[in-house]
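Novice: Okay, so here is my_file12.tsv, and as you'll see once you scroll down, it has TSV, C-alpha atoms.
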chain	number	residue	atom	x	y	z
M	1	MET	CA	22.23	-16.46	16.57
M	2	ASP	CA	24.30	-16.61	13.39
M	3	ILE	CA	22.14	-14.20	11.35
M	4	ASN	CA	23.80	-15.01	8.04
M	5	ALA	CA	23.27	-18.75	8.43
M	6	TYR	CA	19.72	-18.23	9.69
M	7	MET	CA	18.75	-16.02	6.75
M	8	GLN	CA	20.43	-18.30	4.23
M	9	GLY	CA	18.34	-21.14	5.63
M	10	LEU	CA	15.16	-19.12	5.19
M	11	GLY	CA	16.17	-18.28	1.63
M	12	ILE	CA	16.87	-21.89	0.68
M	13	SER	CA	13.55	-23.01	2.17
M	14	ALA	CA	11.66	-20.20	0.45
M	15	ARG	CA	13.14	-21.00	-2.95
M	16	ALA	CA	12.17	-24.66	-2.59
M	17	ALA	CA	8.66	-23.72	-1.47
M	18	SER	CA	8.26	-21.33	-4.39
M	19	ARG	CA	8.68	-24.23	-6.80
M	20	VAL	CA	5.89	-26.13	-5.04
M	21	LEU	CA	3.62	-23.10	-5.20
M	22	ALA	CA	4.39	-22.51	-8.87
M	23	ARG	CA	2.92	-25.92	-9.72
M	24	SER	CA	0.01	-25.75	-7.27
M	25	ASP	CA	-3.40	-25.15	-8.81
M	26	SER	CA	-5.93	-22.55	-7.69
M	27	ALA	CA	-7.94	-25.00	-5.58
M	28	ILE	CA	-4.94	-25.89	-3.42
M	29	LYS	CA	-3.98	-22.26	-2.89
M	30	ASN	CA	-7.58	-21.27	-2.10
M	31	ASN	CA	-7.89	-24.13	0.39
M	32	ALA	CA	-4.77	-22.84	2.13
M	33	LEU	CA	-6.15	-19.30	2.34
M	34	LEU	CA	-9.43	-20.50	3.83
M	35	ALA	CA	-7.59	-22.79	6.23
M	36	ILE	CA	-5.49	-19.85	7.43
M	37	ALA	CA	-8.71	-17.85	7.92
M	38	GLU	CA	-10.16	-20.66	10.05
M	39	ARG	CA	-7.00	-20.89	12.13
M	40	LEU	CA	-6.95	-17.13	12.65
M	41	ASN	CA	-10.60	-17.10	13.66
M	42	GLY	CA	-9.97	-19.86	16.17
M	43	SER	CA	-6.91	-18.12	17.59
M	44	ARG	CA	-8.40	-14.69	18.28
M	45	SER	CA	-7.63	-14.80	21.98
M	46	ALA	CA	-4.02	-15.78	21.42
M	47	VAL	CA	-3.51	-13.11	18.75
M	48	LEU	CA	-5.11	-10.37	20.83
M	49	SER	CA	-3.12	-11.40	23.92
M	50	ALA	CA	0.08	-11.20	21.92
M	51	ASN	CA	-0.96	-7.79	20.57
M	52	THR	CA	-1.64	-6.57	24.11
M	53	MET	CA	1.99	-7.32	24.95
M	54	ASP	CA	3.16	-5.37	21.91
M	55	MET	CA	0.93	-2.42	22.75
M	56	LYS	CA	2.19	-2.38	26.34
M	57	ASN	CA	5.79	-2.44	25.17
M	58	GLY	CA	5.05	0.22	22.54
M	59	ARG	CA	3.62	2.62	25.10
M	60	ALA	CA	6.59	1.99	27.39
M	61	LYS	CA	8.95	2.84	24.52
M	62	GLY	CA	7.04	6.05	23.80
M	63	LEU	CA	5.68	5.17	20.36
M	64	ASP	CA	3.60	8.03	18.98
M	65	ALA	CA	-0.15	7.84	18.45
M	66	ALA	CA	0.09	7.09	14.73
M	67	LEU	CA	2.37	4.08	15.29
M	68	LEU	CA	0.24	2.78	18.15
M	69	ASP	CA	-2.84	3.04	15.93
M	70	ARG	CA	-1.11	0.98	13.25
M	71	LEU	CA	0.06	-1.55	15.82
M	72	GLU	CA	-3.25	-2.17	17.55
M	73	LEU	CA	-5.42	-5.19	16.75
M	74	ASN	CA	-9.03	-5.67	17.84
M	75	GLN	CA	-11.93	-7.91	16.91
M	76	GLU	CA	-12.92	-5.66	14.02
M	77	ARG	CA	-9.42	-5.68	12.54
M	78	ILE	CA	-9.20	-9.45	12.87
M	79	ASP	CA	-12.58	-9.66	11.10
M	80	SER	CA	-11.11	-7.54	8.33
M	81	MET	CA	-8.05	-9.80	8.08
M	82	ILE	CA	-10.28	-12.87	7.78
M	83	GLU	CA	-12.46	-11.14	5.19
M	84	GLY	CA	-9.34	-10.24	3.24
M	85	LEU	CA	-8.23	-13.88	3.16
M	86	GLN	CA	-11.66	-14.97	1.98
M	87	GLN	CA	-11.80	-12.28	-0.67
M	88	VAL	CA	-8.36	-13.17	-2.02
M	89	ALA	CA	-9.47	-16.81	-2.20
M	90	SER	CA	-12.46	-15.72	-4.30
M	91	LEU	CA	-10.37	-13.71	-6.77
M	92	GLN	CA	-9.47	-15.07	-10.15
M	93	ASP	CA	-6.03	-16.68	-10.15
M	94	PRO	CA	-3.82	-14.81	-12.62
M	95	ILE	CA	-1.19	-17.54	-12.85
M	96	GLY	CA	-1.15	-19.32	-16.21
M	97	GLU	CA	-3.22	-16.67	-18.00
M	98	MET	CA	-2.30	-16.47	-21.68
M	99	SER	CA	-2.44	-13.23	-23.63
M	100	ASP	CA	-1.49	-11.77	-27.01
M	101	LEU	CA	-1.58	-15.16	-28.70
M	102	GLY	CA	-0.95	-14.98	-32.42
M	103	HIS	CA	0.70	-16.74	-35.32
M	104	ARG	CA	3.95	-15.57	-36.88
M	105	PRO	CA	4.88	-15.97	-40.55
M	106	SER	CA	7.20	-18.82	-39.56
M	107	GLY	CA	4.20	-20.84	-38.37
M	108	ILE	CA	4.96	-20.63	-34.66
M	109	LYS	CA	2.25	-19.49	-32.27
M	110	LEU	CA	3.51	-16.87	-29.85
M	111	GLY	CA	2.07	-15.38	-26.67
M	112	LYS	CA	2.66	-14.39	-23.06
M	113	MET	CA	1.93	-16.38	-19.91
M	114	ARG	CA	1.55	-14.89	-16.44
M	115	VAL	CA	3.86	-16.44	-13.85
M	116	PRO	CA	4.86	-15.82	-10.20
M	117	LEU	CA	7.83	-13.61	-9.39
M	118	GLY	CA	9.25	-16.36	-7.17
M	119	VAL	CA	10.30	-15.30	-3.65
M	120	ILE	CA	9.22	-11.95	-2.25
M	121	GLY	CA	10.80	-10.37	0.80
M	122	ILE	CA	8.55	-7.95	2.69
M	123	ILE	CA	9.78	-5.56	5.37
M	124	TYR	CA	7.22	-3.57	7.31
M	125	GLU	CA	6.66	-1.63	10.51
M	126	SER	CA	3.92	-1.65	13.13
M	127	ARG	CA	0.92	-3.09	11.29
M	128	PRO	CA	0.60	-6.79	12.13
M	129	ASN	CA	-2.32	-7.13	9.71
M	130	VAL	CA	0.26	-6.72	6.92
M	131	THR	CA	1.46	-10.22	7.83
M	132	ILE	CA	-1.88	-11.63	6.69
M	133	ASP	CA	-2.26	-9.28	3.71
M	134	ALA	CA	1.19	-10.11	2.39
M	135	ALA	CA	0.90	-13.84	3.01
M	136	SER	CA	-2.48	-14.08	1.28
M	137	LEU	CA	-1.51	-12.18	-1.85
M	138	CYS	CA	1.85	-13.91	-2.22
M	139	LEU	CA	0.24	-17.31	-1.71
M	140	LYS	CA	-2.56	-16.74	-4.24
M	141	SER	CA	-0.09	-15.42	-6.82
M	142	GLY	CA	2.14	-18.46	-6.37
M	143	ASN	CA	5.00	-16.70	-4.59
M	144	ALA	CA	6.84	-17.80	-1.48
M	145	THR	CA	7.48	-14.97	0.94
M	146	ILE	CA	9.82	-14.03	3.77
M	147	LEU	CA	8.27	-11.49	6.14
M	148	ARG	CA	10.15	-9.19	8.46
M	149	GLY	CA	7.84	-7.16	10.70
M	150	GLY	CA	8.95	-4.43	13.03
M	151	SER	CA	10.31	-5.27	16.47
M	152	GLU	CA	7.36	-3.44	18.02
M	153	ALA	CA	4.97	-6.10	16.62
M	154	ILE	CA	7.07	-9.19	17.24
M	155	PHE	CA	4.59	-10.98	19.54
M	156	SER	CA	1.61	-10.25	17.28
M	157	ASN	CA	3.48	-11.40	14.19
M	158	ARG	CA	4.62	-14.61	15.85
M	159	ALA	CA	1.01	-15.44	16.81
M	160	ILE	CA	-0.23	-14.72	13.30
M	161	ALA	CA	2.66	-16.70	11.79
M	162	THR	CA	1.54	-19.73	13.79
M	163	CYS	CA	-1.95	-19.46	12.25
M	164	ILE	CA	-0.45	-19.19	8.76
M	165	ALA	CA	1.85	-22.20	9.23
M	166	GLU	CA	-0.99	-24.32	10.56
M	167	GLY	CA	-3.26	-23.32	7.68
M	168	LEU	CA	-0.60	-24.15	5.09
M	169	LYS	CA	-0.05	-27.52	6.71
M	170	ASP	CA	-3.82	-28.20	6.75
M	171	ALA	CA	-3.90	-27.58	2.99
M	172	GLY	CA	-0.90	-29.78	2.22
M	173	LEU	CA	1.47	-26.96	1.30
M	174	PRO	CA	4.93	-26.45	2.80
M	175	GLU	CA	4.89	-24.30	5.92
M	176	THR	CA	7.98	-22.57	4.53
M	177	ALA	CA	5.86	-20.98	1.78
M	178	VAL	CA	5.38	-18.13	4.27
M	179	GLN	CA	8.16	-17.50	6.77
M	180	VAL	CA	8.20	-14.77	9.39
M	181	ILE	CA	11.70	-13.80	10.51
M	182	ASN	CA	11.82	-14.72	14.18
M	183	THR	CA	14.37	-12.19	15.34
M	184	THR	CA	14.37	-8.44	15.94
M	185	ASP	CA	18.05	-8.17	15.02
M	186	ARG	CA	18.31	-5.49	12.32
M	187	ALA	CA	21.12	-7.43	10.66
M	188	ALA	CA	18.41	-9.75	9.32
M	189	VAL	CA	17.11	-6.93	7.13
M	190	GLY	CA	20.57	-6.34	5.69
M	191	GLU	CA	20.83	-10.02	4.80
M	192	LEU	CA	17.34	-10.23	3.31
M	193	ILE	CA	17.78	-7.33	0.89
M	194	THR	CA	21.06	-8.69	-0.45
M	195	MET	CA	20.10	-12.37	-0.93
M	196	SER	CA	19.80	-12.15	-4.70
M	197	ASP	CA	20.21	-15.92	-5.07
M	198	TYR	CA	17.01	-16.55	-3.11
M	199	VAL	CA	14.92	-13.36	-3.17
M	200	ASP	CA	13.46	-11.93	-6.38
M	201	VAL	CA	11.74	-8.76	-5.13
M	202	ILE	CA	11.75	-6.69	-1.93
M	203	VAL	CA	8.66	-4.76	-0.79
M	204	PRO	CA	9.31	-2.31	2.08
M	205	ARG	CA	6.36	-0.87	4.00
M	206	GLY	CA	7.06	1.68	6.68
M	207	GLY	CA	8.56	5.06	7.36
M	208	LYS	CA	10.42	7.11	4.79
M	209	GLY	CA	13.77	6.44	6.46
M	210	LEU	CA	13.32	2.68	6.34
M	211	ILE	CA	12.28	2.66	2.70
M	212	ALA	CA	15.07	5.03	1.65
M	213	ARG	CA	17.64	2.83	3.36
M	214	ILE	CA	16.35	-0.34	1.75
M	215	SER	CA	16.16	1.29	-1.68
M	216	ALA	CA	19.78	2.39	-1.35
M	217	ASP	CA	21.18	-0.89	-0.04
M	218	ALA	CA	19.10	-3.58	-1.76
M	219	ARG	CA	20.69	-5.82	-4.38
M	220	VAL	CA	17.34	-7.04	-5.66
M	221	PRO	CA	14.49	-5.02	-7.26
M	222	VAL	CA	12.34	-2.97	-4.85
M	223	ILE	CA	8.63	-2.12	-5.12
M	224	LYS	CA	8.08	0.94	-2.94
M	225	HIS	CA	6.66	4.32	-2.10
M	226	LEU	CA	8.57	6.68	0.16
M	227	ASP	CA	5.69	8.72	1.55
M	228	GLY	CA	2.09	9.75	0.98
M	229	ASN	CA	1.69	13.49	0.52
M	230	CYS	CA	-1.84	13.27	-0.90
M	231	HIS	CA	-3.88	16.22	-2.19
M	232	VAL	CA	-7.52	17.15	-2.63
M	233	TYR	CA	-8.25	20.02	-5.01
M	234	ILE	CA	-11.64	21.74	-4.72
M	235	ASP	CA	-12.29	23.17	-8.18
M	236	ASP	CA	-14.23	26.27	-9.28
M	237	TYR	CA	-17.01	23.96	-10.44
M	238	ALA	CA	-17.15	21.75	-7.37
M	239	ASP	CA	-20.35	20.65	-5.70
M	240	LEU	CA	-19.55	22.23	-2.34
M	241	LYS	CA	-21.57	19.71	-0.34
M	242	LYS	CA	-19.53	16.90	-1.89
M	243	ALA	CA	-16.35	18.90	-1.39
M	244	VAL	CA	-16.91	19.36	2.34
M	245	ALA	CA	-17.62	15.66	2.85
M	246	ILE	CA	-14.61	14.56	0.79
M	247	ALA	CA	-12.15	17.02	2.36
M	248	ASP	CA	-13.34	16.03	5.84
M	249	ASN	CA	-13.15	12.29	5.21
M	250	ALA	CA	-9.83	12.40	3.36
M	251	LYS	CA	-8.17	14.09	6.33
M	252	THR	CA	-9.98	12.95	9.47
M	253	HIS	CA	-11.11	9.38	8.75
M	254	ARG	CA	-7.70	8.18	9.93
M	255	TYR	CA	-4.59	10.25	10.39
M	256	GLY	CA	-1.76	7.71	10.46
M	257	VAL	CA	-2.24	6.25	6.98
M	258	CYS	CA	-0.46	6.94	3.71
M	259	ASN	CA	-3.66	7.74	1.77
M	260	ALA	CA	-4.83	10.49	4.12
M	261	MET	CA	-4.99	13.98	2.61
M	262	GLU	CA	-2.06	16.09	3.77
M	263	SER	CA	-2.57	19.14	1.52
M	264	LEU	CA	-5.84	20.83	0.58
M	265	LEU	CA	-6.00	23.09	-2.47
M	266	ILE	CA	-9.00	25.36	-3.03
M	267	ALA	CA	-9.87	27.44	-6.08
M	268	GLU	CA	-10.02	31.09	-5.06
M	269	SER	CA	-13.48	31.54	-6.59
M	270	VAL	CA	-15.02	29.24	-3.94
M	271	ALA	CA	-12.57	29.70	-1.05
M	272	GLN	CA	-14.55	32.39	0.76
M	273	ILE	CA	-17.56	30.06	0.88
M	274	ILE	CA	-16.09	26.66	1.64
M	275	LEU	CA	-12.94	27.33	3.67
M	276	PRO	CA	-14.79	28.65	6.76
M	277	GLN	CA	-17.04	25.56	6.69
M	278	LEU	CA	-14.06	23.25	6.56
M	279	ALA	CA	-12.10	25.24	9.15
M	280	LYS	CA	-15.00	24.82	11.58
M	281	ILE	CA	-14.95	21.03	11.06
M	282	TYR	CA	-11.18	20.78	11.40
M	283	THR	CA	-11.17	22.97	14.51
M	284	GLU	CA	-13.83	20.78	16.14
M	285	LYS	CA	-11.68	17.73	15.37
M	286	ASN	CA	-8.47	19.39	16.62
M	287	VAL	CA	-6.77	19.44	13.23
M	288	GLU	CA	-3.97	22.00	13.10
M	289	MET	CA	-4.26	24.08	9.90
M	290	ARG	CA	-1.21	25.58	8.22
M	291	GLY	CA	-2.19	27.97	5.46
M	292	CYS	CA	-0.93	30.28	2.76
M	293	ASP	CA	-1.43	34.03	3.12
M	294	LYS	CA	-4.74	33.96	1.23
M	295	SER	CA	-6.03	31.14	3.43
M	296	ARG	CA	-5.05	32.95	6.61
M	297	ALA	CA	-6.83	36.08	5.41
M	298	ILE	CA	-10.06	34.04	5.45
M	299	VAL	CA	-9.36	31.99	8.60
M	300	ASP	CA	-7.04	33.98	10.85
M	301	SER	CA	-6.59	31.15	13.36
M	302	MET	CA	-4.37	29.27	10.88
M	303	ILE	CA	-0.65	28.94	11.38
M	304	ALA	CA	1.49	30.23	8.52
M	305	ALA	CA	2.59	27.40	6.24
M	306	SER	CA	6.28	27.03	5.45
M	307	GLU	CA	7.76	25.81	2.18
M	308	GLN	CA	8.38	22.44	3.83
M	309	ASP	CA	4.69	22.05	4.65
M	310	TRP	CA	3.79	21.65	0.97
M	311	SER	CA	5.94	18.49	0.80
M	312	GLU	CA	5.10	17.05	4.21
M	313	GLU	CA	3.49	13.74	5.09
M	314	TYR	CA	2.23	14.51	8.58
M	315	LEU	CA	0.50	11.23	9.52
M	316	ALA	CA	-1.12	13.39	12.19
M	317	PRO	CA	-4.01	15.86	12.65
M	318	ILE	CA	-2.15	18.57	10.73
M	319	LEU	CA	-3.16	19.90	7.31
M	320	SER	CA	-1.58	22.37	4.87
M	321	ILE	CA	-4.04	24.55	2.96
M	322	LYS	CA	-3.39	26.64	-0.15
M	323	ILE	CA	-5.72	28.79	-2.23
M	324	VAL	CA	-4.89	28.55	-5.94
M	325	THR	CA	-6.06	30.57	-8.93
M	326	GLY	CA	-7.55	27.52	-10.60
M	327	ILE	CA	-6.88	24.10	-12.09
M	328	ASP	CA	-3.62	25.13	-13.81
M	329	GLU	CA	-1.98	26.17	-10.56
M	330	ALA	CA	-3.45	23.16	-8.75
M	331	ILE	CA	-1.95	20.69	-11.22
M	332	GLU	CA	1.39	22.52	-11.20
M	333	HIS	CA	1.48	22.53	-7.38
M	334	ILE	CA	0.59	18.83	-7.11
M	335	ASN	CA	3.13	17.70	-9.68
M	336	ARG	CA	5.82	19.75	-7.92
M	337	TYR	CA	5.18	18.77	-4.31
M	338	SER	CA	3.32	15.47	-4.42
M	339	SER	CA	4.91	12.16	-3.50
M	340	LYS	CA	3.02	10.62	-6.47
M	341	HIS	CA	0.70	8.63	-4.22
M	342	THR	CA	-2.95	9.79	-4.52
M	343	GLU	CA	-4.68	13.00	-5.60
M	344	SER	CA	-8.34	13.92	-6.00
M	345	ILE	CA	-10.27	16.70	-7.73
M	346	VAL	CA	-13.76	17.74	-6.68
M	347	THR	CA	-15.54	19.12	-9.75
M	348	GLU	CA	-18.77	18.81	-11.73
M	349	ASP	CA	-16.99	19.79	-14.94
M	350	PHE	CA	-16.30	16.61	-16.93
M	351	ASN	CA	-13.54	18.10	-19.04
M	352	ARG	CA	-11.69	19.47	-16.01
M	353	GLY	CA	-11.93	16.08	-14.32
M	354	ARG	CA	-10.53	14.34	-17.39
M	355	ARG	CA	-7.75	16.88	-17.64
M	356	PHE	CA	-6.84	16.37	-13.98
M	357	ILE	CA	-6.54	12.60	-14.25
M	358	ALA	CA	-4.53	12.93	-17.47
M	359	GLU	CA	-2.05	15.54	-16.26
M	360	VAL	CA	-1.54	14.72	-12.58
M	361	ASP	CA	1.42	12.33	-12.38
M	362	SER	CA	0.47	10.10	-9.44
M	363	SER	CA	-0.23	6.40	-9.03
M	364	SER	CA	-3.91	6.97	-8.13
M	365	VAL	CA	-5.90	9.95	-9.40
M	366	MET	CA	-9.56	10.46	-8.51
M	367	ILE	CA	-12.58	12.55	-9.39
M	368	ASN	CA	-15.10	13.35	-6.62
M	369	ALA	CA	-13.84	10.74	-4.16
M	370	SER	CA	-11.83	10.66	-0.94
M	371	THR	CA	-8.16	9.75	-1.19
M	372	ARG	CA	-8.88	7.14	1.50
M	373	PHE	CA	-10.12	4.84	-1.27
M	374	ALA	CA	-6.53	4.33	-2.50
M	375	ASP	CA	-6.31	0.92	-0.92
M	376	GLY	CA	-6.07	-2.62	-2.23
M	377	PHE	CA	-9.16	-3.78	-0.33
M	378	GLU	CA	-11.24	-0.85	-1.61
M	379	TYR	CA	-9.96	-1.43	-5.15
M	380	GLY	CA	-11.22	-5.02	-5.03
M	381	LEU	CA	-7.75	-6.55	-4.83
M	382	GLY	CA	-8.66	-8.41	-1.63
M	383	ALA	CA	-5.72	-6.83	0.12
M	384	GLU	CA	-2.53	-5.10	-0.91
M	385	ILE	CA	1.09	-5.92	-0.42
M	386	GLY	CA	1.95	-2.24	-0.60
M	387	ILE	CA	1.59	0.82	-2.78
M	388	SER	CA	4.06	1.58	-5.53
M	389	THR	CA	4.76	5.11	-6.69
M	390	ASP	CA	7.45	3.89	-9.08
M	391	LYS	CA	6.78	3.78	-12.81
M	392	ILE	CA	7.19	0.04	-13.15
M	393	HIS	CA	4.79	-2.81	-13.91
M	394	ALA	CA	3.25	-2.43	-10.43
M	395	ARG	CA	1.94	1.08	-9.72
M	396	GLY	CA	-0.54	2.10	-7.04
M	397	PRO	CA	-1.95	-0.56	-4.70
M	398	VAL	CA	-0.13	-3.80	-5.50
M	399	GLY	CA	-2.40	-6.83	-5.60
M	400	LEU	CA	-2.18	-10.18	-7.32
M	401	GLU	CA	-1.23	-8.99	-10.79
M	402	GLY	CA	1.51	-6.76	-9.41
M	403	LEU	CA	3.13	-9.84	-7.87
M	404	THR	CA	3.40	-11.62	-11.20
M	405	SER	CA	5.37	-11.25	-14.37
M	406	GLN	CA	4.94	-12.47	-17.92
M	407	LYS	CA	7.14	-14.68	-19.98
M	408	TRP	CA	7.03	-15.40	-23.69
M	409	VAL	CA	5.83	-18.84	-24.71
M	410	VAL	CA	6.11	-20.36	-28.17
M	411	PHE	CA	4.05	-23.23	-29.59
M	412	GLY	CA	5.62	-24.91	-32.61
M	413	ASP	CA	5.19	-27.97	-34.76
M	414	GLY	CA	8.75	-28.68	-35.79
M	415	GLN	CA	9.57	-25.24	-37.20
M	416	ILE	CA	13.21	-24.32	-37.63
M	417	ARG	CA	14.61	-20.90	-38.40
M	418	GLU	CA	15.85	-20.57	-41.97
What is this structure when it is put down as structure tokens?

Specialist:
Amino acid sequence: MDINAYMQGLGISARAASRVLARSDSAIKNNALLAIAERLNGSRSAVLSANTMDMKNGRAKGLDAALLDRLELNQERIDSMIEGLQQVASLQDPIGEMSDLGHRPSGIKLGKMRVPLGVIGIIYESRPNVTIDAASLCLKSGNATILRGGSEAIFSNRAIATCIAEGLKDAGLPETAVQVINTTDRAAVGELITMSDYVDVIVPRGGKGLIARISADARVPVIKHLDGNCHVYIDDYADLKKAVAIADNAKTHRYGVCNAMESLLIAESVAQIILPQLAKIYTEKNVEMRGCDKSRAIVDSMIAASEQDWSEEYLAPILSIKIVTGIDEAIEHINRYSSKHTESIVTEDFNRGRRFIAEVDSSSVMINASTRFADGFEYGLGAEIGISTDKIHARGPVGLEGLTSQKWVVFGDGQIRE
């Protein structure tokens, strides 16, 4: 295959499709989303059979447990994909929204209108459900998209792509509005991230190495997060029952996800009470604990934490634990070591909670809630195309609004500038 010619063809088709989507009303886009949901529902057997092939190949290649968990599809995950499509269809369409309308002394009326970005390239690893999430959000926000899933999910993504193409066709939209790159050749990624004539934004989802490479080599803007070193801080004024539940859920609900807690901070005034309770839970669930000296003095079965542990995204049943003097040290530690993804404080003190969310410099900051809620579906976005830890227009879970921009519009009645 001539990769350059193939990718150029995808780019040309995507740009043409983006113009059709830009003029399509909400009803047409919603019909397409619901048609894709129907096609996916009717193709469960084919999708699961394709995923079985990917899982078999993944095990043969020695993929680790976290990657296999991300790769696997089942009836429940297909249900979630369908629900995501339906929820996105029910969301308000941001395209065409007008804001900040006002008159200028010249007599013109000036405002901003929300518009699609155009063509979005998405590169991701393992999770085939991202194919549906990305397609649905791009479609509803009026963007064409080119999707490049990981080679480990090629059969699953091809099966899902068929459902998407059929649904688009059912709704009268071009099948090229969503295109899945049908090759595992890595050269396709290099082409995609440099096609500035056809691609407006790149969204990488995957390991830190992949995202770092794309960020370095891309010639178009990138919406990204490199890793998810998320923290929970149990404050002096925490409700300890809530704290135990949150610290358990944030770590053990799922290990191989970017919003799982990787570092637990505990105020020293409550550490003697709560740390043994949590250590018992983590031990029963086979979570390896790596602690500071103060933590190990309370729970001697802990491994000594290294400096690297405070910055680590494990994506595994491993947790770093540090006892801090209080909220000042907790905030300082988080802002130094965090990847700016998600942090949570457990406290019953309103002022401390407000201080935490004001001073912690991450894309999602929570009070008395598990970090696992940092997710587009849980935030009511229907799905997410990714999570951004950059300080740009899209920060945190990126849903519909994050896939749009605004342009100035002027309404006149013959005015000329004097």

Novice: Given all atoms listed in the file, how would the per-residue table for segment 178-198 of chain M near segment 135-145 of chain M read, listing every residue at most 10 Å away with its closest atom pair and distance in Å to one decimal, sorted by chain and number, as a tab-separated table?

Specialist:
residue	atom	partner	partner_atom	distance
M:Val178	CA	M:Thr145	CA	5.0
M:Gln179	CA	M:Thr145	CA	6.4
M:Val180	CA	M:Thr145	CA	8.5

Novice: Could you list, as a list of chain:residue names, every residue within 6 Å of segment 44-57 of chain M, counting all atoms listed in the file and ignoring same-chain residues fewer than 3 positions away?

Specialist: M:Asn41, M:Ala60, M:Ala153, M:Phe155, M:Ser156, M:Ala159

Novice: Could those residues be written to a file, using C-alpha atoms, as a PDB file, keeping the file's coordinate frame?

Specialist:
ATOM      1  CA  ASN M  41     -10.600 -17.100  13.660  1.00  0.00           C
ATOM      2  CA  ALA M  60       6.590   1.990  27.390  1.00  0.00           C
ATOM      3  CA  ALA M 153       4.970  -6.100  16.620  1.00  0.00           C
ATOM      4  CA  PHE M 155       4.590 -10.980  19.540  1.00  0.00           C
ATOM      5  CA  SER M 156       1.610 -10.250  17.280  1.00  0.00           C
ATOM      6  CA  ALA M 159       1.010 -15.440  16.810  1.00  0.00           C
TER       7      ALA M 159
END

Novice: So, counting all atoms listed in the file, which residue among M:Val232, M:Ile223, M:Leu21, M:Arg254 is closest to His393 of chain M?

Specialist: M:Ile223

Novice: Under the rule that all atoms listed in the file are counted, which of M:Ala16, M:Ile303, M:His103, M:Gly11 is the nearest residue to Leu147 of chain M?

Specialist: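 Nearest to Leu147 of chain M: M:Gly11.
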
Novice: M:Ala304, M:Ile345, M:Ala89, M:Val409: which is nearest Ile357 of chain M, counting only C-alpha atoms?

Specialist: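 Result for the nearest residue to Ile357 of chain M: M:Ile345.
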
Novice: Would you mind listing what lies within 6 Å of Met113 of chain M as a PyMOL selection string, with only C-alpha atoms counted and same-chain residues fewer than 3 positions away left out?

Specialist: chain M and resi 96-98+406-407

Novice: Counting only C-alpha atoms, which residues come within 10 Å of (-8.4, -15.5, -8.4), with the point read in the file's coordinates, and could you list them as a PyMOL selection string?

Specialist: chain M and resi 26-27+29-30+87-95+140-141+381-382+400-401

Novice: May I have the centre and edge lengths, in Å to one decimal, of an axis-aligned box around the listed atoms of segment 156-174 of chain M with 8 Å added to every side, as JSON?

Specialist:
{"center_x": 0.5, "center_y": -20.0, "center_z": 9.3, "size_x": 24.8, "size_y": 35.5, "size_z": 32.0}

Novice: Figure out the distance between atom CA of Asp197 of chain M and atom CA of Ser13 of chain M, please, to one decimal in Å.

Specialist: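 Taking atom CA of Ser13 of chain M and atom CA of Asp197 of chain M, their separation equals 12.1 Å.
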
Novice: Any idea what the distance is between atom CA of Ile273 of chain M and atom CA of Arg354 of chain M?

Specialist: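 Between atom CA of Ile273 of chain M and atom CA of Arg354 of chain M the gap works out to 25.1 Å.
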